[in-house]
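Structure below is query.cif: mmCIF, C-alpha atoms.
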```cif
data_work
loop_
_atom_site.label_atom_id
_atom_site.label_comp_id
_atom_site.auth_asym_id
_atom_site.auth_seq_id
_atom_site.Cartn_x
_atom_site.Cartn_y
_atom_site.Cartn_z
CA ASN M 4 59.98 120.44 75.02
CA GLY M 5 57.40 117.86 75.99
CA GLY M 6 56.73 114.84 78.15
CA LYS M 7 58.59 111.65 78.96
CA GLU M 8 58.77 110.33 75.39
CA ILE M 9 60.32 113.51 73.96
CA VAL M 10 62.75 113.95 76.85
CA GLU M 11 63.99 110.39 76.52
CA ALA M 12 64.40 110.86 72.76
CA ILE M 13 66.55 113.94 73.40
CA CYS M 14 68.68 112.01 75.90
CA ASP M 15 69.13 109.09 73.47
CA HIS M 16 69.46 110.77 70.06
CA PRO M 17 72.99 110.28 68.67
CA ASP M 18 73.09 113.71 66.97
CA ILE M 19 72.45 115.58 70.25
CA GLU M 20 75.76 116.07 72.04
CA ALA M 21 74.68 117.94 75.18
CA VAL M 22 71.55 118.23 77.30
CA SER M 23 70.47 120.85 79.82
CA PHE M 24 67.50 120.52 82.14
CA VAL M 25 65.73 122.52 84.85
CA GLY M 26 62.97 120.91 86.88
CA SER M 27 62.37 118.69 89.87
CA THR M 28 65.32 116.93 91.48
CA LYS M 29 63.81 113.51 90.77
CA VAL M 30 63.53 114.15 87.04
CA ALA M 31 66.87 115.97 86.92
CA LYS M 32 68.61 112.84 88.19
CA LEU M 33 66.84 110.68 85.61
CA VAL M 34 67.80 113.04 82.77
CA TYR M 35 71.40 113.19 83.96
CA GLN M 36 71.70 109.43 84.25
CA ARG M 37 70.13 108.74 80.86
CA SER M 38 72.02 111.40 78.91
CA THR M 39 75.44 110.71 80.45
CA ASN M 40 74.90 107.00 79.96
CA ALA M 41 74.68 107.87 76.25
CA LEU M 42 78.03 109.69 76.65
CA LYS M 43 76.52 113.17 76.40
CA ARG M 44 77.48 116.21 78.41
CA CYS M 45 74.66 117.20 80.75
CA ILE M 46 73.75 119.98 83.14
CA ALA M 47 70.67 119.01 85.14
CA LEU M 48 69.33 121.45 87.72
CA GLY M 49 66.82 120.21 90.29
CA GLY M 50 64.57 121.75 92.91
CA ALA M 51 65.33 124.76 95.09
CA LYS M 52 64.62 126.27 98.47
CA ASN M 53 66.38 129.62 98.36
CA HIS M 54 67.13 131.25 101.71
CA LEU M 55 67.47 134.95 102.46
CA PHE M 56 69.44 135.89 105.59
CA VAL M 57 68.20 139.19 107.02
CA LEU M 58 70.31 140.90 109.70
CA PRO M 59 69.20 143.75 111.99
CA ASP M 60 71.60 146.20 110.30
CA ALA M 61 70.09 145.61 106.86
CA ASN M 62 68.67 148.62 105.02
CA PRO M 63 64.93 148.24 105.74
CA SER M 64 63.49 149.74 102.55
CA MET M 65 65.92 148.04 100.18
CA THR M 66 65.57 144.70 101.96
CA ALA M 67 61.77 144.81 101.99
CA THR M 68 61.47 145.61 98.29
CA ASN M 69 64.05 142.98 97.31
CA VAL M 70 62.56 140.20 99.45
CA THR M 71 59.05 140.90 98.20
CA ALA M 72 60.11 141.09 94.55
CA SER M 73 62.08 137.88 94.88
CA MET M 74 59.23 135.84 96.33
CA SER M 75 56.51 137.23 94.05
CA GLY M 76 58.22 137.70 90.67
CA CYS M 77 56.73 135.33 88.07
CA ALA M 78 54.20 134.53 90.82
CA GLY M 79 57.01 132.66 92.55
CA GLN M 80 57.22 130.15 89.69
CA ARG M 81 60.96 130.33 89.06
CA CYS M 82 63.92 128.43 90.41
CA MET M 83 65.50 131.62 91.78
CA ALA M 84 62.49 132.74 93.82
CA ALA M 85 63.15 133.25 97.51
CA SER M 86 60.74 131.23 99.60
CA ALA M 87 62.47 131.10 103.00
CA MET M 88 63.68 134.03 105.06
CA LEU M 89 65.96 133.65 108.06
CA ALA M 90 65.39 136.56 110.43
CA VAL M 91 68.48 136.88 112.62
CA GLY M 92 67.80 138.81 115.80
CA ASN M 93 65.21 141.57 115.91
CA VAL M 94 64.20 142.42 112.37
CA ASP M 95 60.49 142.99 113.09
CA PRO M 96 60.51 146.49 111.53
CA ILE M 97 61.82 144.99 108.29
CA ILE M 98 59.17 142.27 108.39
CA GLU M 99 56.52 144.96 108.75
CA GLN M 100 57.87 146.70 105.64
CA ILE M 101 57.88 143.41 103.75
CA CYS M 102 54.19 143.07 104.56
CA GLU M 103 53.56 146.62 103.35
CA GLU M 104 55.33 145.88 100.07
CA ALA M 105 53.45 142.58 99.66
CA ARG M 106 50.11 144.35 99.99
CA LYS M 107 51.05 146.55 97.02
CA ILE M 108 51.16 143.48 94.79
CA VAL M 109 47.68 142.87 93.39
CA PRO M 110 46.67 139.75 91.45
CA GLY M 111 45.67 140.61 87.91
CA LYS M 112 47.52 143.97 88.02
CA ASN M 113 51.14 143.40 88.94
CA LEU M 114 50.92 139.69 89.77
CA GLY M 115 50.05 136.98 87.27
CA ALA M 116 48.33 133.65 87.76
CA VAL M 117 49.97 130.39 88.74
CA ILE M 118 50.19 127.74 86.06
CA SER M 119 47.11 125.61 86.88
CA LYS M 120 44.23 124.93 89.22
CA ASP M 121 46.21 122.08 90.77
CA ALA M 122 49.12 124.44 91.45
CA LYS M 123 46.80 126.97 93.10
CA GLU M 124 45.33 124.29 95.36
CA ARG M 125 48.77 122.92 96.23
CA ILE M 126 50.15 126.36 97.15
CA GLU M 127 47.12 127.25 99.24
CA ASN M 128 47.30 123.89 101.01
CA TYR M 129 50.89 124.68 102.03
CA ILE M 130 49.70 127.96 103.58
CA SER M 131 46.81 126.31 105.41
CA GLU M 132 49.02 123.53 106.72
CA ALA M 133 51.53 126.03 108.11
CA GLU M 134 48.74 127.95 109.82
CA ARG M 135 47.38 124.75 111.38
CA ASP M 136 50.86 123.92 112.62
CA GLY M 137 51.16 127.22 114.47
CA ALA M 138 52.64 129.64 111.95
CA LYS M 139 51.16 133.14 111.63
CA VAL M 140 49.93 134.31 108.22
CA LEU M 141 50.67 138.05 108.10
CA VAL M 142 49.61 138.58 104.49
CA ASP M 143 47.18 136.00 103.11
CA GLY M 144 46.97 135.31 99.38
CA ARG M 145 44.49 132.44 99.57
CA GLY M 146 41.20 132.77 97.72
CA ALA M 147 42.45 135.53 95.41
CA THR M 148 40.10 136.44 92.56
CA VAL M 149 40.34 138.89 89.68
CA GLU M 150 37.26 140.65 88.32
CA GLY M 151 36.42 139.35 84.89
CA LYS M 152 38.77 136.40 85.36
CA GLU M 153 36.94 134.55 88.10
CA ASN M 154 38.13 131.20 86.76
CA GLY M 155 41.76 132.34 86.83
CA THR M 156 44.24 130.52 89.03
CA TYR M 157 45.54 133.39 91.13
CA VAL M 158 47.33 133.24 94.48
CA GLY M 159 48.06 136.53 96.18
CA PRO M 160 51.40 137.36 97.81
CA THR M 161 51.67 135.58 101.14
CA VAL M 162 53.92 136.28 104.13
CA ILE M 163 54.06 133.58 106.80
CA ASP M 164 55.81 134.34 110.10
CA LYS M 165 56.78 132.17 113.08
CA VAL M 166 57.64 129.24 110.81
CA THR M 167 59.71 126.41 112.30
CA PRO M 168 62.44 124.61 110.31
CA LYS M 169 60.53 121.31 110.17
CA MET M 170 57.35 122.72 108.61
CA SER M 171 56.73 121.82 104.99
CA VAL M 172 56.70 125.50 103.98
CA ALA M 173 60.24 125.71 105.35
CA THR M 174 61.65 122.60 103.69
CA GLU M 175 59.80 122.05 100.40
CA GLU M 176 59.69 124.04 97.16
CA ILE M 177 56.29 125.76 97.08
CA PHE M 178 56.66 127.40 93.65
CA GLY M 179 54.26 130.21 94.44
CA PRO M 180 54.33 133.79 95.79
CA VAL M 181 54.95 132.72 99.38
CA ILE M 182 57.73 133.67 101.82
CA SER M 183 58.19 131.68 105.05
CA ILE M 184 59.98 133.49 107.89
CA MET M 185 62.02 131.62 110.49
CA HIS M 186 63.58 133.40 113.48
CA THR M 187 66.99 132.70 114.99
CA ASP M 188 69.07 134.39 117.69
CA THR M 189 72.39 133.97 115.89
CA LEU M 190 73.74 133.87 112.37
CA ASP M 191 75.23 130.42 112.93
CA GLU M 192 71.78 129.06 113.82
CA ALA M 193 70.42 130.52 110.59
CA ILE M 194 73.27 129.05 108.55
CA LYS M 195 72.63 125.63 110.09
CA ILE M 196 68.99 125.78 108.98
CA GLU M 197 70.07 126.64 105.45
CA ASN M 198 72.73 123.94 105.39
CA ASP M 199 70.35 121.29 106.75
CA ASN M 200 67.97 121.81 103.84
CA PRO M 201 68.63 119.23 101.09
CA TYR M 202 68.56 121.90 98.37
CA GLY M 203 71.39 124.32 97.69
CA ASN M 204 70.44 126.44 94.72
CA ALA M 205 70.83 130.02 95.92
CA ALA M 206 71.03 132.16 99.04
CA SER M 207 71.45 135.82 99.81
CA VAL M 208 72.31 137.94 102.84
CA PHE M 209 71.01 141.40 103.66
CA THR M 210 73.44 143.35 105.81
CA GLN M 211 75.65 146.44 105.77
CA SER M 212 78.57 144.50 107.22
CA GLY M 213 81.16 143.24 104.78
CA GLY M 214 82.42 140.77 107.40
CA ILE M 215 78.99 139.22 107.89
CA ALA M 216 78.46 139.03 104.14
CA ARG M 217 81.75 137.20 103.66
CA TYR M 218 80.97 134.84 106.55
CA VAL M 219 77.68 133.83 104.91
CA MET M 220 79.37 133.40 101.53
CA GLU M 221 81.95 131.09 103.09
CA HIS M 222 79.54 128.99 105.17
CA ALA M 223 76.18 128.82 103.36
CA SER M 224 75.69 125.65 101.32
CA ALA M 225 74.41 127.13 98.06
CA GLY M 226 75.83 127.32 94.56
CA MET M 227 74.92 130.98 94.08
CA ILE M 228 75.14 133.52 96.90
CA GLY M 229 74.21 137.19 96.73
CA VAL M 230 74.65 140.21 98.98
CA ASN M 231 71.75 142.64 99.33
CA ILE M 232 69.93 141.21 96.31
CA GLY M 233 66.83 139.05 96.22
CA VAL M 234 67.64 137.09 93.07
CA PRO M 235 71.38 136.24 93.07
CA VAL M 236 71.79 135.29 89.41
CA PRO M 237 75.47 135.54 88.41
CA ARG M 238 76.75 137.58 85.48
CA GLU M 239 77.59 135.86 82.20
CA PRO M 240 81.24 134.89 82.92
CA PHE M 241 80.24 132.96 86.04
CA SER M 242 78.58 129.58 86.33
CA PHE M 243 74.88 129.18 87.01
CA GLY M 244 74.01 126.19 89.14
CA GLY M 245 73.23 124.87 92.58
CA TRP M 246 74.75 122.43 95.03
CA ASN M 247 73.40 119.38 96.82
CA GLU M 248 69.97 118.27 95.58
CA SER M 249 69.67 121.38 93.38
CA ARG M 250 72.51 120.54 90.98
#
```
Using structure tokens, write down the structure from this file.
Amino acid sequence: NGGKEIVEAICDHPDIEAVSFVGSTKVAKLVYQRSTNALKRCIALGGAKNHLFVLPDANPSMTATNVTASMSGCAGQRCMAASAMLAVGNVDPIIEQICEEARKIVPGKNLGAVISKDAKERIENYISEAERDGAKVLVDGRGATVEGKENGTYVGPTVIDKVTPKMSVATEEIFGPVISIMHTDTLDEAIKIENDNPYGNAASVFTQSGGIARYVMEHASAGMIGVNIGVPVPREPFSFGGWNESR
């Protein structure tokens, strides 16, 4: 709706009884505090770092298409975009298919631009920082250009492997078409990585085991959890919202 002045007016106006907000965690807390202080109902959703658990028994084709669509839809500029993948055990064949799917996404054809030049620079800096810190860029979207739109702010789909949990691409919301892959030997190690992240918006698990799916649902710290789906948005009767720093 606008900047600080308009948002504060919405929070303060006596004829507005409820406020909803989606944005950064810092601003979400400010909106929640201001609107509830005025005795309004408020739902304020903050940042996100959505994790996808991928198990060796996952269907390779379905997993690859879902992971790629999740991280690149809306050029990654949505709160439900997956930006961290937890590879449990040997899932290298699935990672290879994810790379194949990512290469089918072409800026200017089936991938739009990011919102601004500053956003493009910020996203590309995340990728470069991860590479400097030892991660391996399997599909590189930096420097993307579109013929006839050379001044456009495009970032191509990017797959980063060998990411460690402390890297910025693993902990912070990138808000671009980037997926960061972390490897673990066990599911419990993967769940700990997800739980240690301050955000808790959404998570999803790719497996053909109902027992594993239920285990993730019961132990992952996220407000919305899906099974074999890249964007776990609930149906209308169910609540939409995250936990921890995402709520």
The PyMOL selection byres ((chain M and resi 78-90) around 8) applied to the shown file, residues as JSON, numbers by chain | {"M": [50, 51, 52, 53, 54, 55, 56, 57, 58, 70, 73, 74, 75, 76, 77, 91, 92, 93, 94, 114, 115, 116, 117, 158, 173, 176, 177, 178, 179, 180, 181, 182, 183, 184, 185, 186, 187, 193, 204, 205, 233, 234, 235, 236]}
Have a look at M:Val109, M:Met227, M:Ile163, M:Asp143 and name the one nearest to Phe241 of chain M; count only C-alpha atoms.
-> M:Met227
Pick the closest to Ala206 of chain M from M:His222, M:Lys139, M:Arg145, M:Lys123: which is it, counting all atoms listed in the file?
-> M:His222
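Coordinates place atom CA of Ser171 of chain M at a distance of 21.2 Å from atom CA of Tyr157 of chain M.
The shortest atom-to-atom distance to Glu153 of chain M, with all atoms listed in the file taken into account, belongs to M:Gly111 out of M:Pro63, M:Gly111, M:Pro17, M:Pro168.
You will find atom CA of Met170 of chain M at 17.9 Å from atom CA of Gly203 of chain M.
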Go through the shown structure with the PyMOL selection byres ((chain M and resi 199) around 12) and write out the matching residues as an NGL selection string.
-> :M and (52 or 54 or 168-169 or 173-174 or 192-198 or 200-203 or 223-225 or 247-248)
Translate the PyMOL selection byres ((chain M and resi 28-35) around 12), as applied to the file shown, into an explicit residue set as a PyMOL selection string.
-> chain M and resi 6-15+21-27+36-52+82+175-176+201-204+245-250
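Between atom CA of Val166 of chain M and atom CA of Tyr129 of chain M the interatomic distance comes to 12.0 Å.
Nearest to Ser131 of chain M of all the residues M:Glu99, M:Thr161, M:Ala216, M:Arg106 is M:Thr161, based on only C-alpha atoms.
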Centre and edges of the segment 42-50 of chain M box, axis-aligned, 8 Å extra per side, as JSON:
```
{"center_x": 71.3, "center_y": 115.7, "center_z": 84.7, "size_x": 29.5, "size_y": 28.1, "size_z": 32.5}
```
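Distances here use all atoms listed in the file; by that measure, the residue among M:Asp188, M:Ala72, M:His16, M:Thr156 closest to Ile118 of chain M is M:Thr156.
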